[in-house]
Amino acid sequence: MPTQQDGEDPRSRAHQWGTTGGIRRKFVWTSGVLAVFLTCSGTTLRGDAPTSGTAAAVDQAVAGLLSPDAAVRFQSATALMTAPAPRAAVPLAQAVLDPVDDVQMAAIAAELNIFLAEKLTPKKRIGLIIEPKNRGVSEAAFLRGAVGLGAQDVPLEVLSALRSAVADETPRVAIEALYAFGTLGADRVGADRTELLRAATGPLNTALGQPAPTMRLAAVRVAGRLFQKRPSDEQVDERLGDGLIAALNDADKTIKLAAMDALGAMRYTRALPALGELLAFYKKGDMAEGTLDAVARIAQPESAGLLAAQLLGSDPALKATAIEGLARLGQRSSLPAIQKAVENDRTERVQMAGTFAAVLLAEAPADLIAEGLIRARLHDQAFRYMVEIAPSRTSTFLRFAHDPDERMRVEIAEILGQAGDPAALSILERLTADTDAQVVAAAKRATARLNRLAQL
């Protein structure tokens, strides 16, 4: 980034001109924010776009995506980012593969804005306003998780374009495309999902071997999101799964932890020996927690002894994770040891893990877990548990859908959508008539997802 010269006012100065993809860009600091004005063929690419979603404005923007002038293509993609229109999704897919980087970046952001429940804010517009050290918009959208997606179905043409752009020679474009692909592709079902996973294996495996840590991290995260195990999934291609095992030895600690999370999400059994060795090495701390969490999520009978041993330790985090793993194994014989561990550790995390085990192994009520949904420090743990509990138990969630706290009703709608049990549609139908707008929006998103699953 250009540096300030002595005597310059940092609030209003032009630093320098640079070039990217045939577009010249001028960096200007304004009130601590880096504004980027792009010019091409002598025309300033200011992103002055129609802000209304009228049919005429959309038609004009879609037509502009085919212009030979990069400035027009950029303005058109920006217009569709500012006023997203679902019918522009497929035309925008071509712009995702545009020869000009900034057109690609605007097109990727526009695709996200069409399908995200919470739209990207103007201050994060690619090529217009960029805050220093801010995450890319695709990464930020990815980190919101599945709850960030709206109800619109993502066309396969969009996913294909994003997957292709992962191979782009410009790293920032490739990374934005990869996170966008992971964000929009994770909700596919049936044959579409099978084909998407097959097609994604090669690009993800290639990205895992890239020298840039940011690309490797993106690849690991996206692999974990896309290949999170579902009952109908094929076995994970060993090239990809073993590539994630190799990432356990990455020099970057963040990538190691992400690889543990991905292997757990995939339930990749070939990783168990390596994970067992790492747990013996680390013994405690966040690396040990990440390793044990992967083992607990893979949940194979051969890991029962390793998990049970952690019940005797003094670390609440490891103890809670071990309880989760034993609960997932479904062996009622482990319940006495779990109960004893819970009695000897009164920390909230262990207590909630004990309740989770009681629900899965002894059909106990989930009320105590549901209460954690509206307690900030317990929310994430409670949400994960409720998503796991919901399938085949959705009828018991009806009372939570009647909770007087609208926060609880929103959470229940999101959970039922993620749990993927079409039997929950009757509960969601009630929530779509709720008096709270956020509850209605969450219920509609969940209903759209479950309806797709019900069609299989």
# chains A, B, ... in the order shown; residues from 1 in each chain; ligands from 1
>>> residues_around(residues="region 211-221 of chain A", least_positions_apart="3", cutoff="7 Å", atoms="only C-alpha atoms", output="number ranges by chain")
A: 175, 178-179, 204, 207-208, 224-225, 244, 255, 258-259, 262
>>> write_last_selection(atoms="N, CA and C atoms", output="JSON list (two decimals), in the first residue's frame")
[["chain", "number", "residue", "atom", "x", "y", "z"],
["A", 175, "ILE", "N", -9.41, -16.55, -4.92],
["A", 175, "ILE", "CA", -9.85, -16.75, -3.53],
["A", 175, "ILE", "C", -11.29, -16.28, -3.35],
["A", 178, "LEU", "N", -13.48, -18.88, -4.85],
["A", 178, "LEU", "CA", -13.51, -20.11, -4.06],
["A", 178, "LEU", "C", -14.45, -19.98, -2.87],
["A", 179, "TYR", "N", -14.35, -18.87, -2.15],
["A", 179, "TYR", "CA", -15.25, -18.67, -1.00],
["A", 179, "TYR", "C", -16.70, -18.52, -1.47],
["A", 204, "LEU", "N", -10.29, -28.18, -5.77],
["A", 204, "LEU", "CA", -9.95, -28.05, -4.35],
["A", 204, "LEU", "C", -8.61, -28.71, -4.06],
["A", 207, "ALA", "N", -5.94, -26.40, -5.24],
["A", 207, "ALA", "CA", -5.82, -25.24, -4.36],
["A", 207, "ALA", "C", -5.11, -25.58, -3.05],
["A", 208, "LEU", "N", -5.28, -26.82, -2.57],
["A", 208, "LEU", "CA", -4.60, -27.23, -1.34],
["A", 208, "LEU", "C", -3.08, -27.21, -1.49],
["A", 224, "GLY", "N", -14.34, -28.51, 3.69],
["A", 224, "GLY", "CA", -15.11, -28.92, 4.85],
["A", 224, "GLY", "C", -16.58, -28.56, 4.74],
["A", 225, "ARG", "N", -16.87, -27.40, 4.18],
["A", 225, "ARG", "CA", -18.26, -26.95, 4.05],
["A", 225, "ARG", "C", -19.00, -27.79, 2.99],
["A", 244, "LEU", "N", -6.20, -33.25, 2.81],
["A", 244, "LEU", "CA", -6.54, -32.58, 4.06],
["A", 244, "LEU", "C", -5.77, -33.18, 5.24],
["A", 255, "ILE", "N", -4.47, -23.06, 9.37],
["A", 255, "ILE", "CA", -4.77, -24.08, 8.37],
["A", 255, "ILE", "C", -4.87, -25.45, 9.03],
["A", 258, "ALA", "N", -8.22, -25.63, 10.68],
["A", 258, "ALA", "CA", -9.27, -25.73, 9.67],
["A", 258, "ALA", "C", -9.30, -27.13, 9.06],
["A", 259, "ALA", "N", -8.13, -27.75, 8.89],
["A", 259, "ALA", "CA", -8.07, -29.11, 8.35],
["A", 259, "ALA", "C", -8.71, -30.10, 9.32],
["A", 262, "ALA", "N", -12.42, -29.66, 8.94],
["A", 262, "ALA", "CA", -12.91, -30.22, 7.67],
["A", 262, "ALA", "C", -12.97, -31.74, 7.72]]
>>> residues_around(residues="Phe397 (chain A)", least_positions_apart="3", cutoff="12 Å", atoms="only C-alpha atoms", output="mmCIF file with C-alpha atoms, in the first residue's frame")
data_model
loop_
_atom_site.group_PDB
_atom_site.id
_atom_site.type_symbol
_atom_site.label_atom_id
_atom_site.label_comp_id
_atom_site.auth_asym_id
_atom_site.auth_seq_id
_atom_site.Cartn_x
_atom_site.Cartn_y
_atom_site.Cartn_z
ATOM 1 C CA PRO A 365 -35.924 -33.560 26.678
ATOM 2 C CA ALA A 366 -33.839 -30.901 24.904
ATOM 3 C CA ASP A 367 -35.219 -27.930 26.865
ATOM 4 C CA ILE A 369 -30.119 -27.039 25.324
ATOM 5 C CA ALA A 370 -32.800 -24.838 23.754
ATOM 6 C CA MET A 386 -30.041 -28.756 18.277
ATOM 7 C CA VAL A 387 -29.213 -29.256 14.586
ATOM 8 C CA ILE A 389 -30.955 -33.535 17.649
ATOM 9 C CA ALA A 390 -33.678 -32.315 15.280
ATOM 10 C CA PRO A 391 -33.796 -35.072 12.614
ATOM 11 C CA SER A 392 -36.477 -37.630 13.601
ATOM 12 C CA ARG A 393 -37.333 -35.516 16.648
ATOM 13 C CA THR A 394 -38.871 -32.507 14.930
ATOM 14 C CA PHE A 400 -40.054 -24.126 21.045
ATOM 15 C CA ALA A 401 -41.713 -22.606 17.969
ATOM 16 C CA HIS A 402 -44.358 -21.147 20.305
ATOM 17 C CA ASP A 403 -41.804 -19.545 22.631
ATOM 18 C CA MET A 408 -35.918 -18.385 20.132
ATOM 19 C CA ARG A 409 -38.379 -18.669 17.249
ATOM 20 C CA GLU A 411 -33.237 -19.890 16.047
ATOM 21 C CA ILE A 412 -35.695 -22.771 15.809
ATOM 22 C CA ALA A 413 -36.542 -21.882 12.206
ATOM 23 C CA ILE A 415 -32.169 -25.061 13.068
ATOM 24 C CA LEU A 416 -35.032 -26.904 11.376
ATOM 25 C CA ALA A 419 -31.322 -30.194 10.129
ATOM 26 C CA ALA A 423 -41.147 -33.470 8.599
ATOM 27 C CA ALA A 424 -40.471 -30.017 10.046
ATOM 28 C CA LEU A 425 -42.408 -28.270 7.256
ATOM 29 C CA SER A 426 -45.608 -28.164 9.304
ATOM 30 C CA ILE A 427 -43.825 -26.315 12.120
ATOM 31 C CA LEU A 428 -42.215 -23.912 9.678
ATOM 32 C CA LEU A 431 -43.622 -19.724 11.738
#
>>> closest_residue(among="A:Gln418, A:Ser76, A:Arg452, A:Glu289", to="Ala191 (chain A)", atoms="only C-alpha atoms")
A:Arg452
>>> residues_around(residues="region 306-322 of chain A", least_positions_apart="2", cutoff="8 Å", atoms="only C-alpha atoms", output="PyMOL selection string")
chain A and resi 284+288-289+292-293+296+303-304+324-326+337-338+341+345+347+349-350+353-354
>>> closest_residue(among="A:Ala83, A:Val173, A:Ala151, A:Val158", to="Asp102 (chain A)", atoms="only C-alpha atoms")
A:Val173
>>> select_by_dssp(residues="region 129-209 of chain A", states="helix (DSSP H, G or I)", output="ChimeraX atom specification")
/A:137-143,146-148,156-165,171-185,190-208
>>> write_last_selection(atoms="C-alpha atoms", output="PDB file, in the first residue's frame")
ATOM      1  CA  VAL A 137     -16.646 -10.056   0.764  1.00  0.00           C
ATOM      2  CA  SER A 138     -16.824 -13.730  -0.210  1.00  0.00           C
ATOM      3  CA  GLU A 139     -14.891 -14.835   2.851  1.00  0.00           C
ATOM      4  CA  ALA A 140     -17.108 -12.737   5.094  1.00  0.00           C
ATOM      5  CA  ALA A 141     -20.207 -14.271   3.488  1.00  0.00           C
ATOM      6  CA  PHE A 142     -18.727 -17.754   3.829  1.00  0.00           C
ATOM      7  CA  LEU A 143     -18.048 -17.312   7.520  1.00  0.00           C
ATOM      8  CA  ALA A 146     -25.590 -21.694   6.058  1.00  0.00           C
ATOM      9  CA  VAL A 147     -27.850 -19.234   7.865  1.00  0.00           C
ATOM     10  CA  GLY A 148     -26.545 -16.507   5.571  1.00  0.00           C
ATOM     11  CA  LEU A 156     -25.777 -24.597 -11.815  1.00  0.00           C
ATOM     12  CA  GLU A 157     -24.331 -22.136 -14.359  1.00  0.00           C
ATOM     13  CA  VAL A 158     -23.377 -19.803 -11.514  1.00  0.00           C
ATOM     14  CA  LEU A 159     -21.672 -22.549  -9.540  1.00  0.00           C
ATOM     15  CA  SER A 160     -19.833 -23.765 -12.643  1.00  0.00           C
ATOM     16  CA  ALA A 161     -18.500 -20.265 -13.362  1.00  0.00           C
ATOM     17  CA  LEU A 162     -17.333 -19.780  -9.782  1.00  0.00           C
ATOM     18  CA  ARG A 163     -15.628 -23.167  -9.777  1.00  0.00           C
ATOM     19  CA  SER A 164     -13.825 -22.303 -13.013  1.00  0.00           C
ATOM     20  CA  ALA A 165     -12.718 -18.947 -11.622  1.00  0.00           C
ATOM     21  CA  PRO A 171      -4.950 -14.771  -6.532  1.00  0.00           C
ATOM     22  CA  ARG A 172      -7.523 -12.322  -5.146  1.00  0.00           C
ATOM     23  CA  VAL A 173     -10.019 -13.326  -7.836  1.00  0.00           C
ATOM     24  CA  ALA A 174      -9.359 -17.033  -7.292  1.00  0.00           C
ATOM     25  CA  ILE A 175      -9.852 -16.748  -3.530  1.00  0.00           C
ATOM     26  CA  GLU A 176     -13.032 -14.668  -3.867  1.00  0.00           C
ATOM     27  CA  ALA A 177     -14.418 -17.195  -6.336  1.00  0.00           C
ATOM     28  CA  LEU A 178     -13.505 -20.110  -4.059  1.00  0.00           C
ATOM     29  CA  TYR A 179     -15.248 -18.674  -1.001  1.00  0.00           C
ATOM     30  CA  ALA A 180     -18.272 -17.718  -3.117  1.00  0.00           C
ATOM     31  CA  PHE A 181     -18.405 -21.252  -4.535  1.00  0.00           C
ATOM     32  CA  GLY A 182     -18.326 -22.688  -1.023  1.00  0.00           C
ATOM     33  CA  THR A 183     -20.991 -20.263   0.161  1.00  0.00           C
ATOM     34  CA  LEU A 184     -23.457 -20.841  -2.671  1.00  0.00           C
ATOM     35  CA  GLY A 185     -22.726 -24.489  -3.430  1.00  0.00           C
ATOM     36  CA  GLY A 190     -29.585 -34.994  -4.766  1.00  0.00           C
ATOM     37  CA  ALA A 191     -27.909 -35.613  -8.107  1.00  0.00           C
ATOM     38  CA  ASP A 192     -26.902 -31.945  -8.372  1.00  0.00           C
ATOM     39  CA  ARG A 193     -24.917 -32.293  -5.144  1.00  0.00           C
ATOM     40  CA  THR A 194     -23.244 -35.495  -6.308  1.00  0.00           C
ATOM     41  CA  GLU A 195     -22.091 -33.874  -9.548  1.00  0.00           C
ATOM     42  CA  LEU A 196     -20.995 -30.694  -7.768  1.00  0.00           C
ATOM     43  CA  LEU A 197     -18.814 -32.631  -5.329  1.00  0.00           C
ATOM     44  CA  ARG A 198     -17.252 -34.686  -8.093  1.00  0.00           C
ATOM     45  CA  ALA A 199     -16.456 -31.563 -10.103  1.00  0.00           C
ATOM     46  CA  ALA A 200     -15.114 -29.703  -7.054  1.00  0.00           C
ATOM     47  CA  THR A 201     -12.622 -32.374  -6.004  1.00  0.00           C
ATOM     48  CA  GLY A 202      -9.961 -31.530  -8.589  1.00  0.00           C
ATOM     49  CA  PRO A 203      -9.952 -27.730  -8.145  1.00  0.00           C
ATOM     50  CA  LEU A 204      -9.950 -28.047  -4.347  1.00  0.00           C
ATOM     51  CA  ASN A 205      -7.098 -30.537  -4.402  1.00  0.00           C
ATOM     52  CA  THR A 206      -5.109 -28.200  -6.643  1.00  0.00           C
ATOM     53  CA  ALA A 207      -5.817 -25.240  -4.362  1.00  0.00           C
ATOM     54  CA  LEU A 208      -4.604 -27.234  -1.338  1.00  0.00           C
TER      55      LEU A 208
END
>>> atom_distance(atom1="CA of Ala265 (chain A)", atom2="CA of His379 (chain A)")
19.5 Å
>>> atom_distance(atom1="CA of Leu378 (chain A)", atom2="CA of Arg407 (chain A)")
14.2 Å
